[in-house]
>>> print(open('final.txt').read())   # compact mmCIF, C-alpha atoms
# COMPACT_ATOMS: atom_id res chain seq x y z
CA MET A 1 0.00 0.00 0.00
CA ILE A 2 1.05 3.58 -0.69
CA TYR A 3 0.33 5.16 2.68
CA LEU A 4 -0.34 8.91 2.51
CA ASP A 5 -2.34 9.37 5.71
CA HIS A 6 0.41 10.10 8.23
CA ASN A 7 -1.61 12.92 9.80
CA ALA A 8 -4.05 10.25 10.99
CA THR A 9 -1.33 7.98 12.36
CA THR A 10 2.16 6.73 11.62
CA GLN A 11 3.56 3.22 11.68
CA PRO A 12 5.64 2.68 14.83
CA ALA A 13 9.32 2.78 13.95
CA PRO A 14 11.40 -0.39 14.52
CA GLU A 15 13.26 1.40 17.33
CA VAL A 16 9.90 2.09 18.99
CA VAL A 17 8.75 -1.51 18.69
CA ASN A 18 12.05 -2.70 20.16
CA ALA A 19 11.74 -0.34 23.12
CA MET A 20 8.20 -1.49 23.81
CA GLU A 21 9.19 -5.15 23.58
CA GLU A 22 12.08 -4.50 25.97
CA CYS A 23 9.66 -2.90 28.41
CA LEU A 24 7.20 -5.79 28.17
CA THR A 25 9.85 -8.46 28.68
CA ARG A 26 12.35 -6.83 31.07
CA ALA A 27 11.09 -3.57 32.58
CA TRP A 28 7.53 -4.79 33.15
CA GLY A 29 7.32 -3.91 36.85
CA ASN A 30 5.06 -1.29 38.41
CA PRO A 31 7.04 1.97 38.57
CA SER A 32 5.39 2.82 41.90
CA SER A 33 6.80 -0.31 43.57
CA LEU A 34 9.85 0.02 45.81
CA HIS A 35 11.58 -3.24 44.87
CA ALA A 36 14.14 -3.67 42.09
CA SER A 37 11.62 -4.56 39.40
CA GLY A 38 9.59 -1.46 40.17
CA GLN A 39 12.65 0.76 40.21
CA GLN A 40 13.75 -0.60 36.84
CA ALA A 41 10.37 0.36 35.43
CA ARG A 42 10.61 3.77 37.09
CA ALA A 43 14.01 4.35 35.49
CA THR A 44 12.56 3.41 32.10
CA ARG A 45 9.71 5.86 32.58
CA GLU A 46 12.01 8.71 33.56
CA SER A 47 14.35 8.00 30.67
CA ALA A 48 11.41 8.40 28.29
CA ARG A 49 10.40 11.61 30.02
CA ARG A 50 13.90 13.02 29.57
CA ALA A 51 13.92 12.01 25.89
CA LEU A 52 10.67 13.88 25.24
CA ALA A 53 11.91 16.85 27.26
CA SER A 54 15.01 17.03 25.08
CA LEU A 55 12.97 16.93 21.87
CA ILE A 56 10.64 19.78 22.83
CA HIS A 57 13.02 21.78 25.08
CA ALA A 58 10.92 21.51 28.21
CA PRO A 59 11.81 20.60 31.80
CA ALA A 60 11.36 16.86 32.28
CA ALA A 61 9.59 17.51 35.58
CA ASN A 62 6.94 19.48 33.69
CA ILE A 63 5.82 16.60 31.46
CA LEU A 64 2.71 14.65 32.44
CA PHE A 65 2.18 11.37 30.59
CA THR A 66 -1.40 10.72 29.44
CA SER A 67 -3.22 8.36 27.08
CA GLY A 68 -2.87 10.95 24.31
CA ALA A 69 -3.53 14.55 23.41
CA THR A 70 -7.30 14.20 23.75
CA GLU A 71 -7.05 13.20 27.40
CA ALA A 72 -4.41 15.85 28.02
CA THR A 73 -6.57 18.55 26.47
CA CYS A 74 -9.66 17.43 28.37
CA GLN A 75 -7.67 17.52 31.59
CA LEU A 76 -6.61 21.07 30.85
CA LEU A 77 -9.98 22.39 29.69
CA LEU A 78 -12.36 20.40 31.88
CA GLY A 79 -10.23 19.73 34.95
CA PRO A 80 -10.92 23.16 36.50
CA LEU A 81 -14.63 22.29 36.61
CA PHE A 82 -13.85 19.97 39.51
CA GLN A 83 -11.98 22.57 41.50
CA PRO A 84 -13.59 24.17 44.58
CA ASN A 85 -15.48 27.37 43.84
CA ALA A 86 -15.25 26.80 40.08
CA ARG A 87 -17.30 29.33 38.14
CA PRO A 88 -18.08 29.85 34.45
CA ARG A 89 -15.57 32.04 32.67
CA HIS A 90 -14.46 32.73 29.08
CA LEU A 91 -12.43 30.58 26.65
CA ILE A 92 -10.87 31.79 23.41
CA THR A 93 -10.06 29.21 20.78
CA SER A 94 -10.20 29.02 16.98
CA ALA A 95 -12.70 27.69 14.50
CA ILE A 96 -10.04 25.41 12.95
CA GLU A 97 -9.12 23.45 16.07
CA HIS A 98 -9.16 19.67 16.28
CA PRO A 99 -12.26 18.12 17.90
CA CYS A 100 -10.18 17.39 21.03
CA VAL A 101 -10.43 21.14 21.72
CA LEU A 102 -13.76 21.98 20.11
CA GLU A 103 -15.76 19.29 21.92
CA PRO A 104 -14.59 20.18 25.46
CA ALA A 105 -15.32 23.79 24.54
CA ARG A 106 -18.92 22.79 23.82
CA VAL A 107 -19.08 21.07 27.21
CA LEU A 108 -17.91 24.27 28.86
CA GLU A 109 -20.58 26.22 26.99
CA SER A 110 -23.25 23.81 28.21
CA LEU A 111 -22.10 24.58 31.76
CA GLY A 112 -22.37 28.33 31.37
CA TRP A 113 -18.97 29.28 30.00
CA SER A 114 -18.61 31.73 27.12
CA VAL A 115 -16.53 30.51 24.17
CA THR A 116 -15.15 32.68 21.40
CA ARG A 117 -14.02 30.81 18.27
CA VAL A 118 -11.93 33.16 16.17
CA GLY A 119 -11.95 32.55 12.44
CA ALA A 120 -9.15 31.88 9.98
CA ASN A 121 -8.29 33.73 6.80
CA ALA A 122 -8.30 32.18 3.32
CA ASP A 123 -4.80 30.80 3.91
CA GLY A 124 -5.94 29.00 7.05
CA LEU A 125 -4.10 31.36 9.41
CA ILE A 126 -5.36 32.77 12.71
CA ASP A 127 -4.71 36.50 13.02
CA PRO A 128 -3.31 37.35 16.48
CA LEU A 129 -5.23 40.65 16.31
CA THR A 130 -8.56 38.78 16.22
CA VAL A 131 -7.48 36.91 19.33
CA ALA A 132 -6.49 40.17 21.03
CA ASN A 133 -9.86 41.70 20.18
CA ALA A 134 -11.66 38.72 21.76
CA ILE A 135 -9.97 39.06 25.16
CA ARG A 136 -12.29 39.91 28.05
CA PRO A 137 -11.70 40.53 31.76
CA ASP A 138 -12.98 37.00 32.50
CA THR A 139 -10.92 35.18 29.83
CA ALA A 140 -9.48 32.12 31.56
CA LEU A 141 -7.56 30.45 28.70
CA ILE A 142 -6.54 30.87 25.07
CA SER A 143 -6.14 27.66 23.04
CA VAL A 144 -4.76 27.79 19.48
CA MET A 145 -3.15 24.84 17.71
CA LEU A 146 0.44 24.93 16.47
CA ALA A 147 -0.13 23.13 13.15
CA ASN A 148 -3.46 22.30 11.57
CA ASN A 149 -4.31 18.64 11.02
CA ASP A 150 -6.15 19.24 7.74
CA THR A 151 -4.04 21.86 5.96
CA GLY A 152 -0.72 21.59 7.79
CA VAL A 153 -0.67 25.38 8.21
CA ILE A 154 1.60 26.51 11.05
CA GLN A 155 -0.11 29.06 13.26
CA PRO A 156 1.47 32.20 14.83
CA VAL A 157 1.40 30.69 18.29
CA ARG A 158 4.39 32.64 19.57
CA GLU A 159 2.73 35.96 18.73
CA ILE A 160 -0.54 34.88 20.33
CA ALA A 161 1.30 33.63 23.42
CA ASP A 162 3.05 37.00 23.73
CA LEU A 163 -0.25 38.88 23.81
CA ALA A 164 -1.73 36.32 26.20
CA ARG A 165 1.17 36.87 28.58
CA ARG A 166 0.74 40.65 28.39
CA HIS A 167 -2.86 40.14 29.54
CA LYS A 168 -1.84 37.52 32.13
CA ILE A 169 -3.98 34.84 30.42
CA PRO A 170 -2.75 31.22 30.23
CA MET A 171 -2.12 29.89 26.72
CA HIS A 172 -2.43 26.32 25.41
CA THR A 173 -1.36 24.92 22.06
CA ASP A 174 -2.32 21.58 20.53
CA ALA A 175 1.02 20.56 19.03
CA VAL A 176 -0.03 17.09 17.86
CA GLN A 177 0.76 17.70 14.19
CA ALA A 178 3.96 19.59 14.93
CA VAL A 179 5.99 17.62 17.46
CA GLY A 180 8.43 15.31 15.72
CA ARG A 181 7.83 16.98 12.34
CA ILE A 182 9.14 20.50 12.85
CA PRO A 183 11.30 21.93 15.64
CA VAL A 184 9.13 22.64 18.68
CA ASP A 185 10.65 24.62 21.54
CA PHE A 186 8.26 24.78 24.47
CA ALA A 187 10.24 27.50 26.20
CA ALA A 188 10.60 29.68 23.10
CA LEU A 189 6.93 29.34 22.13
CA GLY A 190 5.95 31.09 25.34
CA VAL A 191 2.87 28.95 25.92
CA ASP A 192 1.83 27.69 29.34
CA PHE A 193 0.53 24.32 28.15
CA LEU A 194 1.29 22.03 25.20
CA THR A 195 -0.33 18.71 24.30
CA LEU A 196 0.93 15.94 22.01
CA SER A 197 0.41 12.31 20.94
CA ALA A 198 3.15 9.77 20.23
CA HIS A 199 1.47 8.05 17.32
CA LYS A 200 1.83 11.10 15.08
CA PHE A 201 5.64 10.78 15.05
CA TYR A 202 6.21 7.03 14.70
CA GLY A 203 5.37 6.17 18.30
CA PRO A 204 2.56 3.98 19.63
CA LYS A 205 -1.10 4.86 20.00
CA GLY A 206 -2.56 5.35 23.45
CA VAL A 207 0.15 7.59 24.92
CA GLY A 208 0.82 11.32 24.89
CA ALA A 209 1.62 14.17 27.20
CA LEU A 210 0.52 17.42 28.76
CA VAL A 211 3.46 19.81 29.11
CA PHE A 212 3.10 22.72 31.54
CA ARG A 213 5.03 25.64 32.97
CA ASP A 214 3.49 25.49 36.44
CA ALA A 215 2.18 22.29 38.02
CA THR A 216 -0.14 24.25 40.29
CA ALA A 217 -2.07 25.34 37.19
CA VAL A 218 -2.92 21.71 36.31
CA ALA A 219 -5.99 20.21 37.96
CA PRO A 220 -6.17 16.41 38.34
CA PHE A 221 -8.70 14.82 36.01
CA LEU A 222 -8.30 11.10 36.70
CA ARG A 223 -8.32 10.57 40.45
CA GLY A 224 -7.20 7.67 42.55
CA GLY A 225 -3.54 6.90 43.19
CA SER A 226 -0.60 9.26 43.44
CA GLN A 227 0.98 8.55 40.05
CA GLU A 228 2.45 11.39 37.99
CA ARG A 229 2.86 13.66 41.02
CA THR A 230 -0.84 13.05 41.86
CA LEU A 231 -1.82 14.79 38.58
CA ARG A 232 -2.97 11.60 36.81
CA ALA A 233 -4.06 8.58 38.78
CA GLY A 234 -3.65 5.07 37.41
CA THR A 235 -0.74 2.74 36.73
CA GLU A 236 1.24 4.14 33.83
CA ASN A 237 1.15 2.67 30.32
CA MET A 238 4.78 1.65 30.50
CA PRO A 239 5.13 0.05 27.03
CA GLY A 240 3.52 3.13 25.50
CA ILE A 241 5.71 5.52 27.46
CA SER A 242 8.80 3.53 26.46
CA GLY A 243 7.72 3.77 22.83
CA LEU A 244 7.11 7.50 23.14
CA GLY A 245 10.62 7.97 24.50
CA ALA A 246 12.13 5.99 21.64
CA ALA A 247 10.08 7.98 19.10
CA ALA A 248 11.29 11.23 20.66
CA GLN A 249 14.93 10.11 20.41
CA LEU A 250 14.42 9.09 16.79
CA ALA A 251 12.77 12.41 15.94
CA GLU A 252 15.52 14.44 17.55
CA ARG A 253 18.12 12.50 15.58
CA GLU A 254 16.45 12.35 12.15
CA MET A 255 13.69 14.98 11.99
CA ALA A 256 15.69 17.66 10.16
CA GLU A 257 16.82 15.33 7.39
CA ASP A 258 13.40 13.68 7.13
CA ALA A 259 11.66 17.05 6.87
CA VAL A 260 13.64 18.09 3.80
CA ARG A 261 12.96 14.83 1.98
CA ILE A 262 9.28 14.72 3.00
CA ALA A 263 8.71 18.32 1.90
CA THR A 264 10.30 17.53 -1.46
CA LEU A 265 7.92 14.61 -1.96
CA ARG A 266 4.90 16.69 -0.88
CA ASP A 267 5.89 19.43 -3.31
CA ARG A 268 6.32 16.86 -6.09
CA LEU A 269 2.82 15.54 -5.43
CA GLN A 270 1.41 19.07 -5.36
CA ALA A 271 3.14 20.09 -8.58
CA GLY A 272 2.05 16.93 -10.38
CA LEU A 273 -1.59 17.34 -9.42
CA LEU A 274 -1.69 21.05 -10.24
CA ALA A 275 -0.14 20.32 -13.63
CA ALA A 276 -2.80 17.70 -14.32
CA PHE A 277 -5.74 19.80 -13.09
CA SER A 278 -5.60 23.53 -13.65
CA ASP A 279 -8.72 24.09 -11.53
CA ALA A 280 -7.37 22.26 -8.48
CA ARG A 281 -6.86 24.38 -5.37
CA VAL A 282 -4.23 23.83 -2.68
CA ASN A 283 -5.61 25.00 0.65
CA GLY A 284 -3.02 26.80 2.75
CA ALA A 285 -0.55 27.03 -0.14
CA CYS A 286 0.47 30.59 0.71
CA ALA A 287 1.20 29.86 4.37
CA SER A 288 4.00 27.97 6.07
CA ARG A 289 3.04 24.31 6.41
CA VAL A 290 4.47 21.24 8.10
CA PRO A 291 6.50 19.31 5.54
CA GLY A 292 4.19 16.45 4.63
CA THR A 293 0.67 17.86 4.35
CA LEU A 294 -1.16 18.57 1.09
CA ASN A 295 -4.81 19.59 1.25
CA ILE A 296 -6.17 19.90 -2.28
CA THR A 297 -9.62 20.52 -3.74
CA PHE A 298 -10.76 18.99 -7.05
CA PRO A 299 -14.02 20.78 -7.96
CA GLY A 300 -16.76 18.42 -9.06
CA ILE A 301 -15.67 15.27 -7.22
CA ASP A 302 -16.98 13.60 -4.09
CA ALA A 303 -13.98 13.21 -1.79
CA VAL A 304 -15.36 10.21 0.09
CA THR A 305 -15.85 8.34 -3.19
CA ALA A 306 -12.36 9.36 -4.23
CA VAL A 307 -10.85 7.98 -1.02
CA MET A 308 -12.69 4.69 -1.53
CA ASN A 309 -11.44 4.42 -5.10
CA LEU A 310 -7.91 5.27 -4.05
CA ASP A 311 -8.13 2.52 -1.45
CA ILE A 312 -9.09 0.05 -4.17
CA ALA A 313 -5.95 1.22 -5.99
CA ASP A 314 -3.98 0.48 -2.80
CA ILE A 315 -3.46 4.16 -1.91
CA ALA A 316 -4.38 5.44 1.55
CA ALA A 317 -5.53 9.07 1.70
CA ALA A 318 -8.14 11.00 3.68
CA THR A 319 -10.78 13.69 3.49
CA THR A 320 -10.15 15.25 6.90
CA SER A 321 -9.16 14.38 10.45
CA ALA A 322 -9.68 10.71 11.29
CA CYS A 323 -11.58 11.92 14.37
CA SER A 324 -14.13 13.71 12.16
CA THR A 325 -14.67 11.38 9.19
CA ALA A 326 -17.69 9.63 10.70
CA LYS A 327 -19.71 12.85 10.69
CA HIS A 328 -20.11 12.99 6.87
CA GLU A 329 -20.02 16.78 6.99
CA PRO A 330 -17.85 19.32 5.15
CA PRO A 331 -14.53 19.60 7.00
CA HIS A 332 -14.99 22.45 9.46
CA VAL A 333 -11.44 23.69 8.91
CA LEU A 334 -12.12 24.32 5.23
CA THR A 335 -15.46 26.04 5.69
CA ALA A 336 -13.83 28.23 8.35
CA MET A 337 -11.32 29.25 5.65
CA GLY A 338 -14.16 30.32 3.37
CA LEU A 339 -14.62 27.26 1.15
CA THR A 340 -18.20 26.46 0.24
CA PRO A 341 -19.56 23.16 1.57
CA GLU A 342 -19.44 21.79 -1.98
CA MET A 343 -15.77 22.67 -2.36
CA ALA A 344 -14.93 21.34 1.10
CA LEU A 345 -16.59 18.03 0.22
CA ALA A 346 -14.43 17.85 -2.91
CA THR A 347 -11.17 18.02 -0.97
CA LEU A 348 -8.56 15.36 -0.30
CA ARG A 349 -5.82 15.34 2.31
CA PHE A 350 -2.51 13.65 1.57
CA SER A 351 0.10 13.44 4.31
CA VAL A 352 3.54 12.17 3.34
CA GLY A 353 5.82 10.28 5.73
CA ARG A 354 9.44 9.24 6.12
CA ASP A 355 9.04 5.93 4.25
CA ASN A 356 7.35 7.26 1.12
CA THR A 357 9.26 7.30 -2.15
CA GLN A 358 9.34 9.37 -5.33
CA ASP A 359 8.01 6.40 -7.29
CA GLU A 360 5.01 6.18 -4.98
CA ILE A 361 4.28 9.88 -5.42
CA ASP A 362 4.38 9.53 -9.20
CA ARG A 363 2.03 6.55 -9.05
CA VAL A 364 -0.46 8.58 -6.99
CA VAL A 365 -0.36 11.43 -9.51
CA ALA A 366 -0.95 8.99 -12.36
CA THR A 367 -3.83 7.31 -10.52
CA LEU A 368 -5.56 10.59 -9.76
CA THR A 369 -5.01 11.82 -13.31
CA ASP A 370 -7.22 8.94 -14.44
CA LEU A 371 -9.58 8.89 -11.44
CA VAL A 372 -10.63 12.54 -11.11
CA PRO A 373 -12.15 12.81 -14.62
CA GLN A 374 -14.05 9.55 -13.98
CA LEU A 375 -15.48 10.95 -10.74
CA ARG A 376 -16.46 14.18 -12.43
CA SER A 377 -18.37 12.36 -15.14
>>> encode(input="final.txt", output="structure tokens")
Amino acid sequence: MIYLDHNATTQPAPEVVNAMEECLTRAWGNPSSLHASGQQARATRESARRALASLIHAPAANILFTSGATEATCQLLLGPLFQPNARPRHLITSAIEHPCVLEPARVLESLGWSVTRVGANADGLIDPLTVANAIRPDTALISVMLANNDTGVIQPVREIADLARRHKIPMHTDAVQAVGRIPVDFAALGVDFLTLSAHKFYGPKGVGALVFRDATAVAPFLRGGSQERTLRAGTENMPGISGLGAAAQLAEREMAEDAVRIATLRDRLQAGLLAAFSDARVNGACASRVPGTLNITFPGIDAVTAVMNLDIADIAAATTSACSTAKHEPPHVLTAMGLTPEMALATLRFSVGRDNTQDEIDRVVATLTDLVPQLRS
């Protein structure tokens, strides 16, 4: 199969699988136990934490392991509801966020919070000025993603974090599509919270992290034992954490070289498709994007049908976020950028990864050159 859906998930790297197997066969103890087996597991956990800290330039002590970015984001957004004297306040986010932010925001609204969802321009960018204009005296948090899952557009998070800090408002960024693909420096970004998932950069599913500047600003969400400095109860997913650490080490070592090659392949795919279809539109083309993402509209096709036909041709692509495909609606990111529902429903997302080849890209262009006219007729 030609796999071009790396924004949905990536295949765990061999180094990751080896680390997980090592954990399952040798460091399988409970890291909370005091005996040697437990301490071996604890050392494995802390080694993974240090590896992730090195990749994203954050203090290791400020990394909280979770089951993924969705849990981490829910802990951040919904955790304060369980604090004493919690009261409804105001959240600022964007209309192009992943559902892991948009759905908790709806929960907050149902409980009396006010939510402002700032729009994006035609290039898929959030304007920091629109965020500044949305700030109110009761704004409790600003949440804007670092890189968009549909278009790959990199958002001006540093600028938004600067204005948030001037107003003394905490700032969160969903960095799921950025970590392991582009350099991410938690300290330099200036955000207070960052969330990520391992399976987007060749790690395993079911593990991620919430990164924070101040532990006192993080409210426990899962309650029970004293794991993770009492911030997340429950015995840790040690194989997953081991895999995350290995993926972080791999990314730190190879990300720069991979990014150049992946961007070249993405650009080759984009150029080939634009040459074949003069009316095709690349969404986010004028903005900085993560290396592998191509979001392209072919007017007159049905994207779901196209994905099914590509699958028959042994090519894996997508229409939008894997978390949103079951809704059978126009991708909200694209309509927020100004595309009509019809155009949004005629859009495909290709996301290139480290194992793709030039020959594969050329085969995809050739397949679509034949397929798109068939779908239009």
>>> atom_distance(input="final.txt", atom1="atom CA of A:Ala318", atom2="atom CA of A:Gln11")
16.2 Å
>>> atom_distance(input="final.txt", atom1="atom CA of A:Ala51", atom2="atom CA of A:Ala69")
17.8 Å
>>> closest_residue(input="final.txt", among="A:Glu15, A:Cys100, A:Leu294, A:Thr369", to="A:Ser278", atoms="all atoms listed in the file")
A:Thr369
>>> residues_near_point(input="final.txt", point="(10.1, 11.5, 31.4)", cutoff="12 Å", atoms="only C-alpha atoms", output="ChimeraX atom specification")
/A:41-56,58-66,208-211,228,236,238,241-246,248
>>> write_last_selection(input="final.txt", atoms="C-alpha atoms", output="short mmCIF file (atom, residue, chain, number, x, y, z; two decimals), keeping the file's coordinate frame")
data_model
loop_
_atom_site.label_atom_id
_atom_site.label_comp_id
_atom_site.auth_asym_id
_atom_site.auth_seq_id
_atom_site.Cartn_x
_atom_site.Cartn_y
_atom_site.Cartn_z
CA ALA A 41 10.37 0.36 35.43
CA ARG A 42 10.61 3.77 37.09
CA ALA A 43 14.01 4.35 35.49
CA THR A 44 12.56 3.41 32.10
CA ARG A 45 9.71 5.86 32.58
CA GLU A 46 12.01 8.71 33.56
CA SER A 47 14.35 8.00 30.67
CA ALA A 48 11.41 8.40 28.29
CA ARG A 49 10.40 11.61 30.02
CA ARG A 50 13.90 13.02 29.57
CA ALA A 51 13.92 12.01 25.89
CA LEU A 52 10.67 13.88 25.24
CA ALA A 53 11.91 16.85 27.26
CA SER A 54 15.01 17.03 25.08
CA LEU A 55 12.97 16.93 21.87
CA ILE A 56 10.64 19.78 22.83
CA ALA A 58 10.92 21.51 28.21
CA PRO A 59 11.81 20.60 31.80
CA ALA A 60 11.36 16.86 32.28
CA ALA A 61 9.59 17.51 35.58
CA ASN A 62 6.94 19.48 33.69
CA ILE A 63 5.82 16.60 31.46
CA LEU A 64 2.71 14.65 32.44
CA PHE A 65 2.18 11.37 30.59
CA THR A 66 -1.40 10.72 29.44
CA GLY A 208 0.82 11.32 24.89
CA ALA A 209 1.62 14.17 27.20
CA LEU A 210 0.52 17.42 28.76
CA VAL A 211 3.46 19.81 29.11
CA GLU A 228 2.45 11.39 37.99
CA GLU A 236 1.24 4.14 33.83
CA MET A 238 4.78 1.65 30.50
CA ILE A 241 5.71 5.52 27.46
CA SER A 242 8.80 3.53 26.46
CA GLY A 243 7.72 3.77 22.83
CA LEU A 244 7.11 7.50 23.14
CA GLY A 245 10.62 7.97 24.50
CA ALA A 246 12.13 5.99 21.64
CA ALA A 248 11.29 11.23 20.66
#
>>> atom_distance(input="final.txt", atom1="atom CA of A:Leu250", atom2="atom CA of A:Glu21")
16.6 Å
>>> residues_around(input="final.txt", residues="A:Val131", least_positions_apart="3", cutoff="8 Å", atoms="all atoms listed in the file", output="MDAnalysis selection string")
chainID A and resid 92 118 127:128 134:135 160
>>> residues_around(input="final.txt", residues="stretch 173-181 of chain A", least_positions_apart="5", cutoff="9 Å", atoms="only C-alpha atoms", output="short mmCIF file (atom, residue, chain, number, x, y, z; two decimals) with C-alpha atoms, keeping the file's coordinate frame")
data_model
loop_
_atom_site.label_atom_id
_atom_site.label_comp_id
_atom_site.auth_asym_id
_atom_site.auth_seq_id
_atom_site.Cartn_x
_atom_site.Cartn_y
_atom_site.Cartn_z
CA ASN A 7 -1.61 12.92 9.80
CA LEU A 55 12.97 16.93 21.87
CA ILE A 56 10.64 19.78 22.83
CA ALA A 69 -3.53 14.55 23.41
CA THR A 73 -6.57 18.55 26.47
CA GLU A 97 -9.12 23.45 16.07
CA HIS A 98 -9.16 19.67 16.28
CA CYS A 100 -10.18 17.39 21.03
CA VAL A 101 -10.43 21.14 21.72
CA ILE A 142 -6.54 30.87 25.07
CA SER A 143 -6.14 27.66 23.04
CA VAL A 144 -4.76 27.79 19.48
CA MET A 145 -3.15 24.84 17.71
CA LEU A 146 0.44 24.93 16.47
CA ALA A 147 -0.13 23.13 13.15
CA ASN A 148 -3.46 22.30 11.57
CA ASN A 149 -4.31 18.64 11.02
CA GLY A 152 -0.72 21.59 7.79
CA ILE A 154 1.60 26.51 11.05
CA VAL A 157 1.40 30.69 18.29
CA VAL A 191 2.87 28.95 25.92
CA ASP A 192 1.83 27.69 29.34
CA PHE A 193 0.53 24.32 28.15
CA LEU A 194 1.29 22.03 25.20
CA THR A 195 -0.33 18.71 24.30
CA LEU A 196 0.93 15.94 22.01
CA SER A 197 0.41 12.31 20.94
CA ALA A 198 3.15 9.77 20.23
CA LYS A 200 1.83 11.10 15.08
CA PHE A 201 5.64 10.78 15.05
CA TYR A 202 6.21 7.03 14.70
CA ALA A 247 10.08 7.98 19.10
CA ALA A 248 11.29 11.23 20.66
CA LEU A 250 14.42 9.09 16.79
CA ALA A 251 12.77 12.41 15.94
CA GLU A 252 15.52 14.44 17.55
CA MET A 255 13.69 14.98 11.99
CA ALA A 256 15.69 17.66 10.16
CA ASP A 258 13.40 13.68 7.13
CA ALA A 259 11.66 17.05 6.87
CA VAL A 290 4.47 21.24 8.10
CA PRO A 291 6.50 19.31 5.54
CA GLY A 292 4.19 16.45 4.63
#
>>> closest_residue(input="final.txt", among="A:Thr93, A:Gln83, A:Asn237, A:Asn121", to="A:Gly29", atoms="only C-alpha atoms")
A:Asn237
>>> closest_residue(input="final.txt", among="A:Thr151, A:Ala275, A:Thr25, A:Leu4", to="A:Pro331", atoms="only C-alpha atoms")
A:Thr151
>>> residues_near_point(input="final.txt", point="(-8.6, 2.7, -9.9)", cutoff="10 Å", atoms="all atoms listed in the file", output="list of chain:residue names")
A:Ala306, A:Met308, A:Asn309, A:Leu310, A:Asp311, A:Ile312, A:Ala313, A:Asp314, A:Ile315, A:Thr367, A:Leu368, A:Asp370, A:Leu371, A:Gln374
>>> closest_residue(input="final.txt", among="A:Ala8, A:Val115, A:Val352, A:Ala366", to="A:Ser94", atoms="only C-alpha atoms")
A:Val115
